[in-house]
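Peer 1: So I've got this file, start.pdb, and it contains PDB, C-alpha atoms:
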MODEL        1
ATOM      1  CA  MET A   1       0.000   0.000   0.000  1.00  0.00           C
ATOM      2  CA  LEU A   2       1.060   3.557  -0.699  1.00  0.00           C
ATOM      3  CA  ALA A   3      -0.368   6.698   0.901  1.00  0.00           C
ATOM      4  CA  ARG A   4       0.879  10.231   0.361  1.00  0.00           C
ATOM      5  CA  TYR A   5      -0.216  13.778  -0.275  1.00  0.00           C
ATOM      6  CA  GLU A   6       0.639  16.366  -2.870  1.00  0.00           C
ATOM      7  CA  LEU A   7       0.512  20.042  -2.011  1.00  0.00           C
ATOM      8  CA  TRP A   8      -1.818  22.011  -4.306  1.00  0.00           C
ATOM      9  CA  GLY A   9      -1.021  25.681  -3.971  1.00  0.00           C
ATOM     10  CA  HIS A  10      -0.062  26.731  -0.460  1.00  0.00           C
ATOM     11  CA  TYR A  11      -2.780  25.113   1.646  1.00  0.00           C
ATOM     12  CA  VAL A  12      -4.527  22.162   0.005  1.00  0.00           C
ATOM     13  CA  ALA A  13      -3.080  18.693   0.563  1.00  0.00           C
ATOM     14  CA  HIS A  14      -4.461  16.261  -2.019  1.00  0.00           C
ATOM     15  CA  LEU A  15      -4.436  12.815  -0.395  1.00  0.00           C
ATOM     16  CA  SER A  16      -3.819   9.599  -2.330  1.00  0.00           C
ATOM     17  CA  VAL A  17      -3.891   5.942  -1.356  1.00  0.00           C
ATOM     18  CA  VAL A  18      -3.308   2.792  -3.390  1.00  0.00           C
ATOM     19  CA  THR A  19      -3.847  -0.674  -1.933  1.00  0.00           C
ATOM     20  CA  HIS A  20      -2.816  -3.995  -3.471  1.00  0.00           C
ATOM     21  CA  PRO A  21      -5.951  -6.009  -4.342  1.00  0.00           C
ATOM     22  CA  GLY A  22      -4.839  -8.870  -2.094  1.00  0.00           C
ATOM     23  CA  PHE A  23      -4.872  -6.611   0.970  1.00  0.00           C
ATOM     24  CA  ARG A  24      -8.101  -4.679   0.412  1.00  0.00           C
ATOM     25  CA  GLY A  25     -10.904  -4.871   2.943  1.00  0.00           C
ATOM     26  CA  CYS A  26      -8.558  -5.100   5.943  1.00  0.00           C
ATOM     27  CA  GLY A  27      -8.818  -1.466   7.058  1.00  0.00           C
ATOM     28  CA  GLN A  28      -5.276  -0.590   6.019  1.00  0.00           C
ATOM     29  CA  ALA A  29      -6.319   2.160   3.602  1.00  0.00           C
ATOM     30  CA  THR A  30      -8.577   3.714   6.226  1.00  0.00           C
ATOM     31  CA  ALA A  31      -5.776   3.649   8.802  1.00  0.00           C
ATOM     32  CA  ALA A  32      -3.274   5.113   6.337  1.00  0.00           C
ATOM     33  CA  VAL A  33      -5.564   7.917   5.174  1.00  0.00           C
ATOM     34  CA  ALA A  34      -6.527   8.702   8.783  1.00  0.00           C
ATOM     35  CA  ALA A  35      -2.849   8.998   9.756  1.00  0.00           C
ATOM     36  CA  LEU A  36      -2.089  11.061   6.670  1.00  0.00           C
ATOM     37  CA  THR A  37      -5.052  13.355   7.390  1.00  0.00           C
ATOM     38  CA  SER A  38      -3.829  13.844  10.947  1.00  0.00           C
ATOM     39  CA  ALA A  39      -0.351  14.744   9.698  1.00  0.00           C
ATOM     40  CA  VAL A  40      -1.778  17.180   7.145  1.00  0.00           C
ATOM     41  CA  LEU A  41      -3.968  18.885   9.753  1.00  0.00           C
ATOM     42  CA  SER A  42      -1.008  19.201  12.137  1.00  0.00           C
ATOM     43  CA  ARG A  43       0.748  21.164   9.372  1.00  0.00           C
ATOM     44  CA  HIS A  44      -2.278  23.507   9.167  1.00  0.00           C
ATOM     45  CA  LEU A  45      -3.120  22.312   5.657  1.00  0.00           C
ATOM     46  CA  VAL A  46      -6.564  21.549   4.234  1.00  0.00           C
ATOM     47  CA  PRO A  47      -6.921  17.828   3.445  1.00  0.00           C
ATOM     48  CA  GLN A  48      -8.654  16.946   0.184  1.00  0.00           C
ATOM     49  CA  TYR A  49      -9.759  13.415  -0.691  1.00  0.00           C
ATOM     50  CA  ARG A  50     -11.018  12.930  -4.246  1.00  0.00           C
ATOM     51  CA  THR A  51     -12.389   9.796  -5.824  1.00  0.00           C
ATOM     52  CA  LEU A  52     -14.990   8.661  -8.312  1.00  0.00           C
ATOM     53  CA  GLU A  53     -18.473   8.305  -6.838  1.00  0.00           C
ATOM     54  CA  ALA A  54     -18.582   4.867  -8.476  1.00  0.00           C
ATOM     55  CA  ASN A  55     -15.581   3.751  -6.381  1.00  0.00           C
ATOM     56  CA  THR A  56     -17.657   2.702  -3.382  1.00  0.00           C
ATOM     57  CA  ALA A  57     -14.684   1.266  -1.476  1.00  0.00           C
ATOM     58  CA  SER A  58     -12.777   4.538  -1.728  1.00  0.00           C
ATOM     59  CA  MET A  59     -15.903   6.514  -0.816  1.00  0.00           C
ATOM     60  CA  ALA A  60     -16.290   4.291   2.272  1.00  0.00           C
ATOM     61  CA  VAL A  61     -12.702   5.060   3.343  1.00  0.00           C
ATOM     62  CA  ALA A  62     -13.437   8.778   3.124  1.00  0.00           C
ATOM     63  CA  TYR A  63     -16.719   8.516   5.037  1.00  0.00           C
ATOM     64  CA  ARG A  64     -15.166   6.398   7.814  1.00  0.00           C
ATOM     65  CA  ILE A  65     -12.565   9.085   8.428  1.00  0.00           C
ATOM     66  CA  GLY A  66     -15.123  11.878   8.419  1.00  0.00           C
ATOM     67  CA  PHE A  67     -14.812  13.435   4.982  1.00  0.00           C
ATOM     68  CA  VAL A  68     -18.064  14.738   3.504  1.00  0.00           C
ATOM     69  CA  PRO A  69     -18.906  15.477  -0.139  1.00  0.00           C
ATOM     70  CA  HIS A  70     -18.150  19.049  -1.112  1.00  0.00           C
ATOM     71  CA  ALA A  71     -18.247  19.234  -4.909  1.00  0.00           C
ATOM     72  CA  THR A  72     -18.653  17.104  -8.006  1.00  0.00           C
ATOM     73  CA  SER A  73     -16.467  17.206 -11.112  1.00  0.00           C
ATOM     74  CA  LEU A  74     -17.697  16.361 -14.562  1.00  0.00           C
ATOM     75  CA  ALA A  75     -15.437  14.940 -17.243  1.00  0.00           C
ATOM     76  CA  VAL A  76     -16.518  15.107 -20.872  1.00  0.00           C
ATOM     77  CA  ARG A  77     -14.847  13.188 -23.670  1.00  0.00           C
ATOM     78  CA  LEU A  78     -15.489  14.750 -27.066  1.00  0.00           C
ATOM     79  CA  GLY A  79     -15.649  12.502 -30.092  1.00  0.00           C
ATOM     80  CA  SER A  80     -13.709  13.145 -33.261  1.00  0.00           C
TER      81      SER A  80
ENDMDL
END
Let me see whether you can do it: turn the structure in this file into structure tokens.
Peer 2:
Amino acid sequence: MLARYELWGHYVAHLSVVTHPGFRGCGQATAAVAALTSAVLSRHLVPQYRTLEANTASMAVAYRIGFVPHATSLAVRLGS
């Protein structure tokens, strides 16, 4: 598993987590994102967790930690 954040601008910390399929469902991603969120907040940064709404497992990680939906992005692919 890998968890990290990337600083967007001066204050927003975009959180990321990737878990090997063989280790999903064990709570490791939730623990990692919770620890990362705590570290980000201790640095007085704003944590941001983004995922697709269709990714229910990732949405569940965010909800367990206390993140709430704030905005929705729309991607459009134009044909040729």
Peer 1: Name the closest residue to Val40 (chain A) among the candidates A:His70, A:Arg77, A:Arg24, A:His14; distances are taken between atoms, counting all atoms listed in the file.
Peer 2: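 The answer is A:His14, which sits nearest to Val40 (chain A).
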Peer 1: Quick one: residues within 12 Å of Ala35 (chain A), all atoms listed in the file, excluding same-chain residues fewer than 3 positions away - as a list of chain:residue names?
Peer 2: A:Ala3, A:Arg4, A:Tyr5, A:Leu15, A:Val17, A:Gln28, A:Ala29, A:Thr30, A:Ala31, A:Ala32, A:Ser38, A:Ala39, A:Val40, A:Leu41, A:Ser42, A:Pro47, A:Ile65
Peer 1: Using Å and a single decimal, report how far CA of Pro21 (chain A) sits from CA of Val46 (chain A).
Peer 2: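 Between CA of Val46 (chain A) and CA of Pro21 (chain A) the gap works out to 28.9 Å.
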